[in-house]
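For reference, the structure discussed in these notes is given below.
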Amino acid sequence: DGDDERRARSKTAEGTKGNARKDNDKNTAVDPDALDAEIAKLEPTEAIRRLRRLGQPATLFGELPLDRLKRLQHTQTQLASAMAQEEHGATGAQANEKQAELRALEEFAKRQREKGITQATEKKAAAAKKAAASHGPDGPTGADDAEAHDDLAQTFAAAAQAVAKARAAESMEPIDQTSVYFKSLIDEWERELESKPEDWVYSNAGKQSVANCRLCKQHMRPLFKRMKRRELPVDIERALFLIVKNMKDRNYRKAADMYIGIAVGNAAWPIGVTSVGIHDRSAREKISAQTQAHAMHDEETRKYLQSIKRLITFAQRA
């Protein structure tokens with residue numbers, strides 16, 4: 001009797017475990033209809049590759065291929081939700097800045113596309129005009145000479161205009177010379193970008209260059225306004241003029257050193273006790289406002305100082 005009772009209890013326990021296992025499998029089973037059409041068509045190797053790229057394990061213990069696809073879809077949904085929450089945070093500044101960068105990139109690419117179409121049209125018109133002139137009384141030699149003469153005249157006009165601007169800038173005050181030089185570098189940077197093809201704009205290097213130029217121009221505006229209103233501190237004004245002077249002399253190492261001095265500073269940091277009595281320690285007066293790090297003052301100062309460093313790098317590369 002005792003053996004029969006133990007057998008009955010064992011069968012009851014096994015039946016209970018079997019029912020629980022079936023319920024668990026039913027709850028954890030993956031419904032193929034719940035998957036996206038794109039994810040449902042993925043091969044196992046592609047699903048594993050995407051999971052590893054997202055920092056997830058390739059396969060969990062006892063995981064079926066459908067379970068892996070379900071986990072991939074859940075991970076992508078969570079990542080998209082987290083990115084949306086980050087972009088649309090309390091201030092939304094990062095999302096607005098990204099949207100502004102995308103809009104600026106699309107506008108720049110549109111201008112490049114229109115410029116390419118215009119240049120192609122002008123080339124066709126010039127070729128047709130040259131072909132028509134070659135059948136004229138002057139022949140091809142006269143047409144080529146006239147075209148070369150026009151190009152030479154335009155080159156001389158541009159050179160004369162540049163020399164006139166340089167002479168006018170030399171007679172200005174130092175702060176105005178600094179402003180004119182930085183503005184000329186920004187204009188030269190923009191002209192260099194405009195000469196690039198449309199395909200280059202959508203490359204990684206093109207996106208970075210367009211964004212850096214746009215941010216540099218935007219962050220330098222407060223500096224130009226302060227220069228125009230004569231509201232720039234004397235030490236910053238002097239340091240910027242020396243940076244421009246070294247850049248004109250193509251001494252970029254010294255210009256970089258001057259930038260480090262104004263951005264990071266060379267203040268004498270006190271070590272130990274600085275005030276042990278009623279008298280100051282020796283060399284205490286060296287810790288002054290003229291040797292402080294101006295980049296740490298506010299966000300505006302940090303931005304235009306960083307833009308100046310970008311202009312130094314561009315001038316050195318050009």
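Identifiers for the structure tokens are assigned positionally: chains receive A, B, ... in sequence, residues are indexed from 1 per chain, and ligands are indexed from 1 in the order shown.
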Determine, counting only C-alpha atoms, which protein, DNA and RNA residues have an atom within 12 Å of an atom of A:Thr45; residues of the same chain fewer than 6 positions away are not included. Present the result as a PDB file with N, CA and C atoms, in the first residue's frame.
ATOM      1  N   LEU A  51      22.798  41.936 -33.592  1.00  0.00           N
ATOM      2  CA  LEU A  51      22.798  41.901 -32.122  1.00  0.00           C
ATOM      3  C   LEU A  51      24.180  42.227 -31.569  1.00  0.00           C
ATOM      4  N   ARG A  52      25.213  41.702 -32.183  1.00  0.00           N
ATOM      5  CA  ARG A  52      26.572  42.003 -31.710  1.00  0.00           C
ATOM      6  C   ARG A  52      26.914  43.470 -31.916  1.00  0.00           C
ATOM      7  N   ALA A  58      24.998  37.061 -28.847  1.00  0.00           N
ATOM      8  CA  ALA A  58      24.536  36.489 -30.116  1.00  0.00           C
ATOM      9  C   ALA A  58      23.386  35.514 -29.898  1.00  0.00           C
ATOM     10  N   THR A  59      23.530  34.630 -28.915  1.00  0.00           N
ATOM     11  CA  THR A  59      22.499  33.625 -28.632  1.00  0.00           C
ATOM     12  C   THR A  59      22.469  33.371 -27.133  1.00  0.00           C
ATOM     13  N   PRO A  65      15.770  30.408 -32.924  1.00  0.00           N
ATOM     14  CA  PRO A  65      15.964  31.492 -33.903  1.00  0.00           C
ATOM     15  C   PRO A  65      14.874  32.553 -33.851  1.00  0.00           C
ATOM     16  N   ARG A  68      15.496  34.780 -30.965  1.00  0.00           N
ATOM     17  CA  ARG A  68      16.568  35.727 -31.264  1.00  0.00           C
ATOM     18  C   ARG A  68      16.039  36.924 -32.060  1.00  0.00           C
ATOM     19  N   LEU A  69      15.181  36.660 -33.028  1.00  0.00           N
ATOM     20  CA  LEU A  69      14.597  37.750 -33.804  1.00  0.00           C
ATOM     21  C   LEU A  69      13.727  38.648 -32.930  1.00  0.00           C
TER      22      LEU A  69
END
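The space between atom CA of A:Ser179 and atom CA of A:Ile243 spans 11.9 Å.
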Do a neighbour search on A:Val210 at 10 Å with only C-alpha atoms, toss out local chain neighbours closer than 4 positions, and write the hits as a VMD selection string. chain A and resid 101 104 to 105 108 to 109 189 to 190 193 to 194 201 to 202 205 to 206 214 to 216
Just-selected residues, C-alpha atoms written as a short mmCIF file (atom, residue, chain, number, x, y, z; two decimals), in the first residue's frame:
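What ended up in again12.cif:
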data_model
loop_
_atom_site.label_atom_id
_atom_site.label_comp_id
_atom_site.auth_asym_id
_atom_site.auth_seq_id
_atom_site.Cartn_x
_atom_site.Cartn_y
_atom_site.Cartn_z
CA GLU A 101 22.94 70.82 -38.96
CA ALA A 104 22.27 73.40 -43.28
CA LEU A 105 23.81 70.34 -44.93
CA PHE A 108 24.57 73.46 -48.89
CA ALA A 109 24.15 70.33 -51.03
CA TRP A 189 36.97 78.44 -46.04
CA GLU A 190 33.48 78.85 -47.50
CA LEU A 193 33.82 74.17 -49.57
CA GLU A 194 31.80 75.59 -52.44
CA VAL A 201 29.30 66.91 -49.26
CA TYR A 202 27.54 63.69 -48.18
CA ALA A 205 34.73 64.29 -44.24
CA GLY A 206 32.35 66.58 -46.12
CA ARG A 214 29.04 76.68 -40.13
CA LEU A 215 29.66 76.44 -36.39
CA CYS A 216 32.86 78.49 -36.69
#
